$ cat target-v9.cif   # mmCIF, C-alpha atoms and all ligand atoms
data_target
loop_
_atom_site.label_atom_id
_atom_site.label_comp_id
_atom_site.auth_asym_id
_atom_site.auth_seq_id
_atom_site.Cartn_x
_atom_site.Cartn_y
_atom_site.Cartn_z
CA MET A 1 -3.83 18.08 11.08
CA PRO A 2 -2.57 19.56 7.76
CA THR A 3 0.84 21.20 7.87
CA ASN A 4 3.61 22.07 5.46
CA ASP A 5 6.11 22.35 8.29
CA ILE A 6 8.59 19.55 7.64
CA ASP A 7 10.75 20.56 10.64
CA ALA A 8 7.77 20.23 12.97
CA ALA A 9 6.94 16.82 11.46
CA VAL A 10 10.51 15.66 11.94
CA SER A 11 10.56 16.84 15.58
CA ALA A 12 7.26 15.06 16.23
CA LEU A 13 8.59 11.82 14.71
CA LEU A 14 11.80 12.02 16.74
CA ALA A 15 9.67 12.56 19.85
CA GLY A 16 7.82 9.30 19.14
CA ARG A 17 4.62 10.77 17.71
CA LEU A 18 2.69 9.69 14.61
CA VAL A 19 2.73 11.84 11.48
CA ALA A 20 0.76 11.17 8.28
CA ILE A 21 3.09 11.53 5.29
CA PRO A 22 2.50 11.59 1.56
CA THR A 23 4.10 8.92 -0.60
CA GLU A 24 3.69 8.24 -4.30
CA THR A 25 1.71 5.05 -3.55
CA VAL A 26 -0.74 6.06 -0.77
CA TYR A 27 -0.52 8.21 2.37
CA GLY A 28 1.38 6.53 5.23
CA LEU A 29 0.99 6.75 8.99
CA ALA A 30 4.62 7.13 10.01
CA ALA A 31 6.49 6.46 13.24
CA ASP A 32 10.14 6.02 14.22
CA ALA A 33 10.77 2.32 13.50
CA THR A 34 13.39 2.14 16.25
CA ASN A 35 10.93 3.30 18.94
CA THR A 36 8.64 0.50 20.15
CA ALA A 37 6.18 2.82 21.92
CA ALA A 38 5.85 4.92 18.76
CA VAL A 39 5.31 1.83 16.61
CA ALA A 40 2.76 0.50 19.11
CA SER A 41 0.70 3.63 18.59
CA ILE A 42 0.48 2.88 14.83
CA PHE A 43 -1.07 -0.51 15.63
CA ALA A 44 -3.43 1.12 18.14
CA ALA A 45 -4.54 3.93 15.78
CA LYS A 46 -5.14 1.56 12.85
CA HIS A 47 -6.61 -1.26 14.99
CA ARG A 48 -4.06 -3.35 13.16
CA PRO A 49 -3.34 -6.88 14.41
CA ARG A 50 0.13 -7.12 15.90
CA PHE A 51 1.04 -10.14 13.75
CA ASN A 52 0.97 -7.93 10.63
CA PRO A 53 4.48 -6.51 10.11
CA LEU A 54 5.13 -2.98 8.83
CA ILE A 55 7.24 -1.66 5.97
CA CYS A 56 10.33 0.35 6.94
CA HIS A 57 10.87 3.43 4.79
CA VAL A 58 14.39 4.76 4.34
CA ALA A 59 16.10 7.50 2.32
CA SER A 60 18.53 5.26 0.43
CA ALA A 61 19.66 1.70 -0.21
CA ALA A 62 22.70 2.43 2.00
CA ASP A 63 20.33 3.21 4.89
CA ALA A 64 18.50 -0.08 4.25
CA ALA A 65 21.82 -1.94 4.43
CA SER A 66 22.32 -0.70 8.02
CA PHE A 67 19.62 -3.10 9.25
CA ALA A 68 18.88 -5.49 6.33
CA ILE A 69 21.03 -7.83 4.21
CA LEU A 70 20.92 -7.28 0.46
CA ASN A 71 22.24 -10.06 -1.78
CA ASP A 72 23.20 -9.36 -5.42
CA THR A 73 19.65 -9.92 -6.66
CA ALA A 74 18.26 -7.53 -4.05
CA LYS A 75 20.86 -4.93 -5.07
CA GLN A 76 19.85 -5.34 -8.69
CA LEU A 77 16.24 -4.61 -7.71
CA THR A 78 17.12 -1.58 -5.58
CA ASP A 79 19.25 -0.20 -8.44
CA ALA A 80 16.37 -0.64 -10.85
CA PHE A 81 13.40 0.44 -8.71
CA TRP A 82 14.48 2.71 -5.82
CA PRO A 83 13.34 5.31 -5.10
CA GLY A 84 10.02 3.78 -6.05
CA ALA A 85 7.06 1.57 -5.30
CA LEU A 86 8.85 -1.75 -4.82
CA THR A 87 9.17 -3.16 -1.28
CA LEU A 88 11.76 -5.85 -0.64
CA VAL A 89 11.47 -8.38 2.18
CA LEU A 90 15.07 -8.98 3.28
CA PRO A 91 16.90 -10.84 6.06
CA LEU A 92 17.14 -8.67 9.18
CA ARG A 93 20.68 -8.06 10.42
CA THR A 94 21.28 -9.48 13.89
CA ASP A 95 22.58 -6.06 15.01
CA ALA A 96 19.56 -4.20 13.58
CA ASN A 97 18.04 -1.46 15.68
CA ILE A 98 14.44 -2.00 14.56
CA SER A 99 11.54 -2.55 16.95
CA ASP A 100 10.31 -6.17 17.08
CA LEU A 101 6.81 -4.80 16.57
CA VAL A 102 7.79 -3.60 13.08
CA THR A 103 8.85 -7.08 11.98
CA ALA A 104 6.22 -8.90 14.08
CA GLY A 105 9.15 -10.81 15.54
CA LEU A 106 10.21 -12.26 12.15
CA ASP A 107 13.86 -12.53 11.14
CA THR A 108 13.05 -10.60 7.95
CA VAL A 109 12.17 -6.97 7.36
CA ALA A 110 10.26 -5.20 4.57
CA VAL A 111 12.01 -2.07 3.22
CA ARG A 112 11.35 0.61 0.62
CA VAL A 113 12.76 3.97 -0.50
CA PRO A 114 9.72 6.05 -1.50
CA ALA A 115 9.96 8.46 -4.44
CA HIS A 116 7.75 11.28 -3.09
CA PRO A 117 9.95 14.36 -2.48
CA VAL A 118 8.24 15.19 0.84
CA ALA A 119 8.67 11.63 2.13
CA LEU A 120 12.33 11.68 1.10
CA GLN A 121 12.92 15.04 2.78
CA VAL A 122 11.39 13.75 6.02
CA LEU A 123 13.40 10.53 5.89
CA GLN A 124 16.64 12.37 5.25
CA ALA A 125 16.02 14.77 8.12
CA VAL A 126 14.88 12.07 10.58
CA GLY A 127 17.89 9.88 9.76
CA ARG A 128 16.07 6.78 11.03
CA PRO A 129 13.83 4.25 9.32
CA LEU A 130 10.14 5.11 9.51
CA ALA A 131 7.51 2.42 9.78
CA ALA A 132 4.62 3.72 7.68
CA PRO A 133 1.65 1.54 6.79
CA SER A 134 -1.22 3.03 4.84
CA ALA A 135 -3.00 5.71 6.90
CA ASN A 136 -6.38 3.97 7.15
CA ARG A 137 -8.08 1.79 9.73
CA SER A 138 -7.06 -1.82 9.22
CA GLY A 139 -9.05 -3.53 6.46
CA ARG A 140 -10.44 -0.32 4.99
CA VAL A 141 -9.76 1.66 1.82
CA SER A 142 -6.28 3.24 1.61
CA PRO A 143 -5.98 7.06 1.56
CA THR A 144 -4.64 8.88 -1.49
CA THR A 145 -5.12 12.44 -0.15
CA LEU A 146 -4.55 14.09 3.24
CA GLU A 147 -8.32 14.74 3.41
CA HIS A 148 -8.89 10.96 3.35
CA VAL A 149 -6.48 10.61 6.28
CA GLN A 150 -8.24 13.37 8.21
CA PHE A 151 -11.59 11.72 7.58
CA GLU A 152 -10.20 8.46 8.95
CA PHE A 153 -8.10 9.64 11.90
CA THR A 154 -9.06 13.05 13.26
CA PRO A 155 -8.51 13.58 16.17
CA ASP A 156 -6.31 10.48 16.77
CA VAL A 157 -3.47 11.71 14.55
CA ALA A 158 -2.39 15.26 15.28
CA MET A 159 -0.16 15.99 12.31
CA GLY A 160 -0.13 15.32 8.59
CA LEU A 161 1.99 16.64 5.74
CA ASP A 162 0.14 17.53 2.56
CA GLY A 163 1.92 16.33 -0.57
CA GLY A 164 -1.02 16.43 -2.96
CA PRO A 165 -2.89 13.41 -4.31
CA SER A 166 -0.78 10.24 -4.45
CA GLN A 167 0.54 9.86 -7.99
CA LEU A 168 0.26 6.07 -8.20
CA GLY A 169 -2.68 5.46 -5.87
CA LEU A 170 -2.01 1.77 -5.17
CA GLU A 171 0.25 0.33 -2.46
CA SER A 172 3.78 -0.82 -3.22
CA THR A 173 4.48 -4.19 -4.77
CA ILE A 174 6.11 -6.52 -2.21
CA VAL A 175 8.62 -9.20 -3.20
CA ASP A 176 10.55 -11.63 -1.06
CA ALA A 177 14.21 -11.02 -1.95
CA THR A 178 15.74 -13.10 0.84
CA GLN A 179 16.81 -15.81 -1.67
CA ASP A 180 18.26 -15.66 -5.17
CA ARG A 181 14.87 -16.61 -6.60
CA VAL A 182 12.59 -13.62 -5.99
CA ARG A 183 8.96 -14.29 -5.04
CA MET A 184 5.91 -12.07 -5.45
CA LEU A 185 4.18 -11.49 -2.08
CA ARG A 186 1.76 -8.65 -2.93
CA LEU A 187 0.79 -7.16 -6.27
CA GLY A 188 1.05 -3.37 -6.36
CA SER A 189 2.18 -0.25 -8.16
CA VAL A 190 5.20 -1.85 -9.85
CA THR A 191 3.98 -4.42 -12.37
CA ARG A 192 5.04 -8.03 -12.37
CA GLU A 193 6.21 -7.52 -15.97
CA ALA A 194 8.59 -4.69 -14.98
CA ILE A 195 10.19 -6.78 -12.23
CA GLU A 196 10.48 -9.86 -14.43
CA GLU A 197 12.03 -7.79 -17.20
CA SER A 198 14.59 -6.38 -14.79
CA LEU A 199 15.45 -9.83 -13.37
CA GLY A 200 15.36 -11.58 -16.75
CA GLU A 201 13.25 -14.41 -15.31
CA PRO A 202 9.71 -15.04 -14.08
CA LEU A 203 8.91 -14.31 -10.45
CA ALA A 204 8.31 -17.37 -8.34
CA LEU A 205 4.76 -17.70 -7.07
CA VAL A 206 3.97 -18.23 -3.41
CA GLU A 207 1.77 -21.29 -3.10
CA PRO A 208 -1.62 -20.52 -1.56
CA GLY A 209 -1.53 -21.12 2.19
CA LYS A 210 2.27 -21.03 2.20
CA GLN A 211 2.73 -17.31 2.75
CA PRO A 212 5.57 -16.61 5.18
CA ILE A 213 2.98 -14.72 7.23
CA GLN A 214 -0.76 -14.39 7.09
CA ALA A 215 -1.03 -10.62 6.92
CA PRO A 216 -4.25 -8.65 6.32
CA GLY A 217 -2.84 -7.27 3.05
CA GLN A 218 -2.85 -10.90 1.97
CA LEU A 219 -6.13 -11.86 3.58
CA GLN A 220 -9.23 -12.37 1.52
CA SER A 221 -11.13 -9.35 2.82
CA HIS A 222 -9.23 -6.07 2.77
CA TYR A 223 -9.39 -2.59 1.19
CA ALA A 224 -13.14 -2.68 1.82
CA PRO A 225 -15.56 0.24 1.56
CA SER A 226 -18.82 0.09 3.57
CA ALA A 227 -20.81 -0.84 0.47
CA GLN A 228 -20.73 -4.37 -0.95
CA LEU A 229 -18.92 -4.79 -4.28
CA ARG A 230 -20.16 -6.68 -7.33
CA LEU A 231 -17.39 -7.32 -9.87
CA ASN A 232 -17.23 -7.70 -13.67
CA VAL A 233 -20.62 -6.06 -14.12
CA ARG A 234 -21.79 -5.04 -17.59
CA HIS A 235 -25.41 -4.33 -16.62
CA PRO A 236 -25.61 -2.43 -13.32
CA LYS A 237 -28.90 -2.46 -11.40
CA PRO A 238 -30.68 0.87 -10.92
CA HIS A 239 -30.05 1.02 -7.13
CA GLU A 240 -26.31 0.33 -7.48
CA ALA A 241 -23.48 2.85 -7.71
CA LEU A 242 -21.35 2.22 -10.80
CA LEU A 243 -17.57 2.11 -10.88
CA ALA A 244 -16.95 2.37 -14.60
CA PHE A 245 -13.88 1.78 -16.74
CA GLY A 246 -13.38 2.83 -20.35
CA CYS A 247 -15.57 4.70 -22.79
CA GLU A 248 -18.28 2.09 -23.35
CA VAL A 249 -20.28 2.76 -20.21
CA PRO A 250 -23.84 1.42 -19.88
CA ALA A 251 -26.59 3.99 -19.32
CA HIS A 252 -26.95 4.42 -15.55
CA ALA A 253 -29.04 6.91 -13.62
CA GLY A 254 -27.42 6.28 -10.21
CA PRO A 255 -24.10 7.53 -8.84
CA MET A 256 -21.14 6.80 -11.09
CA ALA A 257 -17.37 7.30 -11.18
CA ASN A 258 -15.17 6.36 -14.13
CA LEU A 259 -11.70 5.05 -13.24
CA SER A 260 -10.42 5.95 -16.70
CA GLU A 261 -12.52 6.98 -19.65
CA ALA A 262 -9.46 6.39 -21.83
CA GLY A 263 -9.28 2.78 -20.57
CA ASP A 264 -5.81 3.42 -19.12
CA VAL A 265 -4.97 1.10 -16.18
CA THR A 266 -2.35 3.51 -14.77
CA GLU A 267 -4.98 6.24 -14.50
CA ALA A 268 -7.43 3.70 -13.10
CA ALA A 269 -4.96 2.65 -10.38
CA ARG A 270 -4.47 6.30 -9.39
CA ASN A 271 -8.24 6.83 -9.11
CA LEU A 272 -9.29 3.50 -7.59
CA PHE A 273 -9.34 4.17 -3.83
CA SER A 274 -10.57 7.71 -4.16
CA ALA A 275 -13.43 6.60 -6.43
CA LEU A 276 -14.38 3.82 -4.00
CA ARG A 277 -14.53 6.39 -1.18
CA THR A 278 -16.62 8.78 -3.27
CA LEU A 279 -19.13 6.12 -4.27
CA ASP A 280 -19.25 4.87 -0.67
CA THR A 281 -20.36 8.31 0.54
CA THR A 282 -23.41 8.20 -1.79
CA GLY A 283 -24.88 5.64 0.61
CA ALA A 284 -25.41 3.04 -2.15
CA SER A 285 -25.51 -0.44 -0.61
CA THR A 286 -23.70 -1.97 -3.59
CA ILE A 287 -21.00 -0.71 -5.94
CA ALA A 288 -21.08 -2.48 -9.32
CA VAL A 289 -17.63 -2.58 -10.92
CA MET A 290 -17.12 -2.94 -14.66
CA PRO A 291 -14.49 -5.43 -15.89
CA ILE A 292 -10.86 -4.23 -15.74
CA PRO A 293 -8.37 -5.91 -18.09
CA GLU A 294 -5.96 -8.23 -16.26
CA LYS A 295 -2.91 -6.63 -17.91
CA GLY A 296 -0.12 -4.51 -16.42
CA LEU A 297 -1.45 -2.64 -13.37
CA GLY A 298 -4.86 -4.21 -14.07
CA GLU A 299 -3.58 -7.29 -12.23
CA ALA A 300 -3.05 -5.30 -8.99
CA ILE A 301 -6.31 -3.36 -9.42
CA ASN A 302 -8.24 -6.63 -9.77
CA ASP A 303 -6.42 -8.04 -6.73
CA ARG A 304 -7.62 -5.08 -4.62
CA LEU A 305 -11.15 -5.28 -6.03
CA ARG A 306 -11.40 -9.01 -5.30
CA ARG A 307 -10.35 -8.42 -1.68
CA ALA A 308 -12.69 -5.45 -1.35
CA ALA A 309 -15.51 -7.69 -2.65
CA ALA A 310 -14.66 -10.70 -0.46
CA PRO A 311 -16.98 -11.71 2.39
CA ARG A 312 -16.20 -9.52 5.41
CA PRO A 313 -15.01 -11.05 8.69
P1 LIG A 401 0.96 -2.06 4.62
O1 LIG A 401 2.04 -1.33 5.31
O2 LIG A 401 -0.39 -1.90 5.25
O3 LIG A 401 0.98 -1.84 3.15
O4 LIG A 401 1.28 -3.60 4.83
C1 LIG A 401 2.60 -4.03 4.82
C2 LIG A 401 2.62 -5.44 4.35
O5 LIG A 401 3.99 -5.78 4.21
C3 LIG A 401 2.10 -6.47 5.33
O6 LIG A 401 0.73 -6.68 5.18
C4 LIG A 401 2.87 -7.70 4.94
O7 LIG A 401 2.16 -8.36 3.91
C5 LIG A 401 4.14 -7.16 4.32
N1 LIG A 401 5.31 -7.41 5.14
C6 LIG A 401 5.92 -6.57 5.99
N2 LIG A 401 6.99 -7.15 6.57
C7 LIG A 401 7.07 -8.40 6.07
C8 LIG A 401 7.94 -9.49 6.28
N3 LIG A 401 8.97 -9.41 7.12
N4 LIG A 401 7.70 -10.63 5.61
C9 LIG A 401 6.65 -10.71 4.73
N5 LIG A 401 5.80 -9.71 4.50
C10 LIG A 401 5.99 -8.57 5.15
MG MG A 402 -2.57 -0.96 4.10
#

$ encode --input "target-v9.cif" --output "structure tokens" --more "lines below"
Ligand code: AMP
Ligand code: MG
Amino acid sequence: MPTNDIDAAVSALLAGRLVAIPTETVYGLAADATNTAAVASIFAAKHRPRFNPLICHVASAADAASFAILNDTAKQLTDAFWPGALTLVLPLRTDANISDLVTAGLDTVAVRVPAHPVALQVLQAVGRPLAAPSANRSGRVSPTTLEHVQFEFTPDVAMGLDGGPSQLGLESTIVDATQDRVRMLRLGSVTREAIEESLGEPLALVEPGKQPIQAPGQLQSHYAPSAQLRLNVRHPKPHEALLAFGCEVPAHAGPMANLSEAGDVTEAARNLFSALRTLDTTGASTIAVMPIPEKGLGEAINDRLRRAAAPRP
């Protein structure tokens, strides 16, 4: 699956095939968002429920405006955060050429301009929006290297572009920017503080149970390794694997990974999914996770950990 041949990847995408692409958040499983058969194969490969809409990736805000409506607040956010890890849910234009599968039939569409140079090169060459959810089976841990994608999808996905380890390591932050008052839909790589600072006001909260859609990224159990997770642990048990944070780590003889010895949440976010995968391969039945401060990116890390720890369906 690995290739550095961007032209071949572009031809494959234009022919309706799936290509794994690097982004700065996590690796995506990309397909032409205007081609329903291509988008259907994303859902099939991921075993993703059809009611869970996909994010459209484009090369610029101008490309987004060809199928989505951006009000002044949305434009302010795209100016501040694109290219980058902020996804906007926007009203879908009535003349939009986007497959209904991408939007799950909603009259809104989620859009982002990624910052990874390989992703941008592909998007510019394809000249069409690419639907690209994280390149993992639905409900599982997101991939931050092409090796993770290969582990998950070989032989189902024939081609993947290697862009190195994802710099941010957590999915994009998703906000609803259909109204003047912006609402947080999913915590992610852009902090709540950064968005609120840019807007000059607090983000509105979505009341529990009142999500516009019930998507797996918002379901209780998601991002789950095979092992069970135990959170906020200061005294791991001998049989557990330990996911540590910071420099004050308890003595532990079993498998261990430290998200950030320096206690830096940005470094911890980058390492989170990869560390979960590594500890999962040790065969430990439980991963004990040390407390992560609920500040900055810590909020999104704790969101993912809570979902990974939630009872499985
Ligand atoms: P993923 O691509 O796996 O990171 O998941 C994309 C997420 O985007 C979904 O789980 C939804 O939560 C969200 N999403 C996509 N489109 C919409 C939309 N039109 N309205 C609300 N949320 C959306
Ligand atoms: Mg995902």

$ atom_distance --input "target-v9.cif" --atom1 "atom N5 of ligand LIG 401 (chain A)" --atom2 "atom CA of Phe153 of chain A"
24.9 Å

$ residues_near_point --input "target-v9.cif" --point "(-15.2, 7.4, -2.8)" --cutoff "12 Å" --atoms "only C-alpha atoms" --output "PyMOL selection string"
chain A and resi 140-145+147-148+151+224-227+241-243+255-259+271-284+287

$ closest_atom_pairs --input "target-v9.cif" --of "segment 104-161 of chain A" --to "segment 67-80 of chain A" --cutoff "12 Å" --atoms "all atoms listed in the file" --output "JSON lines"
{"residue": "A:Asp107", "atom": "CA", "partner": "A:Ala68", "partner_atom": "CA", "distance": 9.9}
{"residue": "A:Thr108", "atom": "CA", "partner": "A:Ala68", "partner_atom": "CA", "distance": 7.9}
{"residue": "A:Val109", "atom": "CA", "partner": "A:Ala68", "partner_atom": "CA", "distance": 6.9}
{"residue": "A:Ala110", "atom": "CA", "partner": "A:Ala68", "partner_atom": "CA", "distance": 8.8}
{"residue": "A:Val111", "atom": "CA", "partner": "A:Ala68", "partner_atom": "CA", "distance": 8.3}
{"residue": "A:Arg112", "atom": "CA", "partner": "A:Thr78", "partner_atom": "CA", "distance": 8.7}
{"residue": "A:Val113", "atom": "CA", "partner": "A:Thr78", "partner_atom": "CA", "distance": 8.7}
{"residue": "A:Pro114", "atom": "CA", "partner": "A:Thr78", "partner_atom": "CA", "distance": 11.4}
{"residue": "A:Arg128", "atom": "CA", "partner": "A:Phe67", "partner_atom": "CA", "distance": 10.6}
{"residue": "A:Pro129", "atom": "CA", "partner": "A:Phe67", "partner_atom": "CA", "distance": 9.4}

$ closest_residue --input "target-v9.cif" --among "A:Leu123, A:Thr266, A:Leu187, A:Ala177" --to "Asp63 of chain A" --atoms "all atoms listed in the file"
A:Leu123

$ atom_distance --input "target-v9.cif" --atom1 "atom CA of Ile292 of chain A" --atom2 "atom O2 of ligand LIG 401 (chain A)"
23.6 Å

$ residues_around --input "target-v9.cif" --residues "Gln121 of chain A" --least-positions-apart "2" --cutoff "12 Å" --atoms "only C-alpha atoms" --output "PyMOL selection string"
chain A and resi 4-7+9-10+21-23+57-60+113-119+123-127+161+163

$ closest_residue --input "target-v9.cif" --among "A:Ala268, A:Leu229, A:Val39, A:Leu199" --to "Pro311 of chain A" --atoms "all atoms listed in the file"
A:Leu229

$ residues_near_ligand --input "target-v9.cif" --ligand "ligand MG 402 (chain A)" --cutoff "12 Å" --atoms "all atoms listed in the file" --output "JSON, numbers by chain"
{"A": [25, 26, 27, 28, 29, 42, 43, 46, 47, 48, 49, 52, 53, 54, 55, 132, 133, 134, 135, 136, 137, 138, 139, 140, 141, 142, 143, 144, 169, 170, 171, 172, 173, 186, 188, 215, 216, 217, 218, 219, 222, 223, 224, 273, 304]}

$ write_last_selection --input "target-v9.cif" --atoms "C-alpha atoms" --output "JSON list (two decimals), in the frame of the given file"
[["chain", "number", "residue", "atom", "x", "y", "z"],
["A", 25, "THR", "CA", 1.71, 5.05, -3.55],
["A", 26, "VAL", "CA", -0.74, 6.06, -0.77],
["A", 27, "TYR", "CA", -0.52, 8.21, 2.37],
["A", 28, "GLY", "CA", 1.38, 6.53, 5.23],
["A", 29, "LEU", "CA", 0.99, 6.75, 8.99],
["A", 42, "ILE", "CA", 0.48, 2.88, 14.83],
["A", 43, "PHE", "CA", -1.07, -0.51, 15.63],
["A", 46, "LYS", "CA", -5.14, 1.56, 12.85],
["A", 47, "HIS", "CA", -6.61, -1.26, 14.99],
["A", 48, "ARG", "CA", -4.06, -3.35, 13.16],
["A", 49, "PRO", "CA", -3.34, -6.88, 14.41],
["A", 52, "ASN", "CA", 0.97, -7.93, 10.63],
["A", 53, "PRO", "CA", 4.48, -6.51, 10.11],
["A", 54, "LEU", "CA", 5.13, -2.98, 8.83],
["A", 55, "ILE", "CA", 7.24, -1.66, 5.97],
["A", 132, "ALA", "CA", 4.62, 3.72, 7.68],
["A", 133, "PRO", "CA", 1.65, 1.54, 6.79],
["A", 134, "SER", "CA", -1.22, 3.03, 4.84],
["A", 135, "ALA", "CA", -3.00, 5.71, 6.90],
["A", 136, "ASN", "CA", -6.38, 3.97, 7.15],
["A", 137, "ARG", "CA", -8.08, 1.79, 9.73],
["A", 138, "SER", "CA", -7.06, -1.82, 9.22],
["A", 139, "GLY", "CA", -9.05, -3.53, 6.46],
["A", 140, "ARG", "CA", -10.44, -0.32, 4.99],
["A", 141, "VAL", "CA", -9.76, 1.66, 1.82],
["A", 142, "SER", "CA", -6.28, 3.24, 1.61],
["A", 143, "PRO", "CA", -5.98, 7.06, 1.56],
["A", 144, "THR", "CA", -4.64, 8.88, -1.49],
["A", 169, "GLY", "CA", -2.68, 5.46, -5.87],
["A", 170, "LEU", "CA", -2.01, 1.77, -5.17],
["A", 171, "GLU", "CA", 0.25, 0.33, -2.46],
["A", 172, "SER", "CA", 3.78, -0.82, -3.22],
["A", 173, "THR", "CA", 4.48, -4.19, -4.77],
["A", 186, "ARG", "CA", 1.76, -8.65, -2.93],
["A", 188, "GLY", "CA", 1.05, -3.37, -6.36],
["A", 215, "ALA", "CA", -1.03, -10.62, 6.92],
["A", 216, "PRO", "CA", -4.25, -8.65, 6.32],
["A", 217, "GLY", "CA", -2.84, -7.27, 3.05],
["A", 218, "GLN", "CA", -2.85, -10.90, 1.97],
["A", 219, "LEU", "CA", -6.13, -11.86, 3.58],
["A", 222, "HIS", "CA", -9.23, -6.07, 2.77],
["A", 223, "TYR", "CA", -9.39, -2.59, 1.19],
["A", 224, "ALA", "CA", -13.14, -2.68, 1.82],
["A", 273, "PHE", "CA", -9.34, 4.17, -3.83],
["A", 304, "ARG", "CA", -7.62, -5.08, -4.62]]

$ axis_aligned_box --input "target-v9.cif" --around "ligand LIG 401 (chain A)" --padding-each-side "4 Å" --output "AutoDock Vina command-line options"
--center_x 4.3 --center_y -6.0 --center_z 5.1 --size_x 17.4 --size_y 17.4 --size_z 12.0

$ atom_distance --input "target-v9.cif" --atom1 "atom CA of Ala37 of chain A" --atom2 "atom O1 of ligand LIG 401 (chain A)"
17.6 Å

$ decode --input "target-v9.cif" --residues "segment 293-306 of chain A" --atoms "N, CA, C and O atoms" --output "PDB file, in the first residue's frame"
ATOM      1  N   PRO A 293      -4.354  16.558  32.851  1.00  0.00           N
ATOM      2  CA  PRO A 293      -5.027  17.806  33.241  1.00  0.00           C
ATOM      3  C   PRO A 293      -6.060  18.228  32.193  1.00  0.00           C
ATOM      4  O   PRO A 293      -5.836  18.084  30.996  1.00  0.00           O
ATOM      5  N   GLU A 294      -7.191  18.733  32.673  1.00  0.00           N
ATOM      6  CA  GLU A 294      -8.314  19.090  31.799  1.00  0.00           C
ATOM      7  C   GLU A 294      -8.126  20.515  31.242  1.00  0.00           C
ATOM      8  O   GLU A 294      -9.026  21.334  31.260  1.00  0.00           O
ATOM      9  N   LYS A 295      -6.923  20.799  30.766  1.00  0.00           N
ATOM     10  CA  LYS A 295      -6.632  22.159  30.281  1.00  0.00           C
ATOM     11  C   LYS A 295      -6.172  22.085  28.837  1.00  0.00           C
ATOM     12  O   LYS A 295      -5.478  21.146  28.461  1.00  0.00           O
ATOM     13  N   GLY A 296      -6.497  23.091  28.020  1.00  0.00           N
ATOM     14  CA  GLY A 296      -6.044  23.116  26.640  1.00  0.00           C
ATOM     15  C   GLY A 296      -6.427  21.818  25.947  1.00  0.00           C
ATOM     16  O   GLY A 296      -7.565  21.354  26.051  1.00  0.00           O
ATOM     17  N   LEU A 297      -5.475  21.189  25.248  1.00  0.00           N
ATOM     18  CA  LEU A 297      -5.763  19.943  24.539  1.00  0.00           C
ATOM     19  C   LEU A 297      -6.111  18.793  25.473  1.00  0.00           C
ATOM     20  O   LEU A 297      -6.634  17.769  25.036  1.00  0.00           O
ATOM     21  N   GLY A 298      -5.817  18.968  26.779  1.00  0.00           N
ATOM     22  CA  GLY A 298      -6.177  17.938  27.757  1.00  0.00           C
ATOM     23  C   GLY A 298      -7.666  17.639  27.720  1.00  0.00           C
ATOM     24  O   GLY A 298      -8.094  16.494  27.941  1.00  0.00           O
ATOM     25  N   GLU A 299      -8.481  18.652  27.398  1.00  0.00           N
ATOM     26  CA  GLU A 299      -9.927  18.459  27.343  1.00  0.00           C
ATOM     27  C   GLU A 299     -10.289  17.436  26.257  1.00  0.00           C
ATOM     28  O   GLU A 299     -11.109  16.541  26.467  1.00  0.00           O
ATOM     29  N   ALA A 300      -9.663  17.567  25.080  1.00  0.00           N
ATOM     30  CA  ALA A 300      -9.948  16.632  23.970  1.00  0.00           C
ATOM     31  C   ALA A 300      -9.351  15.253  24.262  1.00  0.00           C
ATOM     32  O   ALA A 300      -9.962  14.232  23.944  1.00  0.00           O
ATOM     33  N   ILE A 301      -8.152  15.230  24.868  1.00  0.00           N
ATOM     34  CA  ILE A 301      -7.542  13.932  25.203  1.00  0.00           C
ATOM     35  C   ILE A 301      -8.457  13.179  26.169  1.00  0.00           C
ATOM     36  O   ILE A 301      -8.746  11.994  25.984  1.00  0.00           O
ATOM     37  N   ASN A 302      -8.953  13.875  27.188  1.00  0.00           N
ATOM     38  CA  ASN A 302      -9.825  13.215  28.170  1.00  0.00           C
ATOM     39  C   ASN A 302     -11.144  12.782  27.556  1.00  0.00           C
ATOM     40  O   ASN A 302     -11.697  11.744  27.916  1.00  0.00           O
ATOM     41  N   ASP A 303     -11.632  13.563  26.579  1.00  0.00           N
ATOM     42  CA  ASP A 303     -12.847  13.163  25.848  1.00  0.00           C
ATOM     43  C   ASP A 303     -12.618  11.823  25.152  1.00  0.00           C
ATOM     44  O   ASP A 303     -13.421  10.896  25.270  1.00  0.00           O
ATOM     45  N   ARG A 304     -11.485  11.692  24.430  1.00  0.00           N
ATOM     46  CA  ARG A 304     -11.191  10.431  23.729  1.00  0.00           C
ATOM     47  C   ARG A 304     -11.012   9.289  24.719  1.00  0.00           C
ATOM     48  O   ARG A 304     -11.464   8.173  24.480  1.00  0.00           O
ATOM     49  N   LEU A 305     -10.322   9.563  25.831  1.00  0.00           N
ATOM     50  CA  LEU A 305     -10.071   8.494  26.811  1.00  0.00           C
ATOM     51  C   LEU A 305     -11.381   8.022  27.443  1.00  0.00           C
ATOM     52  O   LEU A 305     -11.579   6.824  27.637  1.00  0.00           O
ATOM     53  N   ARG A 306     -12.281   8.966  27.734  1.00  0.00           N
ATOM     54  CA  ARG A 306     -13.565   8.561  28.326  1.00  0.00           C
ATOM     55  C   ARG A 306     -14.332   7.666  27.366  1.00  0.00           C
ATOM     56  O   ARG A 306     -14.918   6.673  27.747  1.00  0.00           O
TER      57      ARG A 306
END
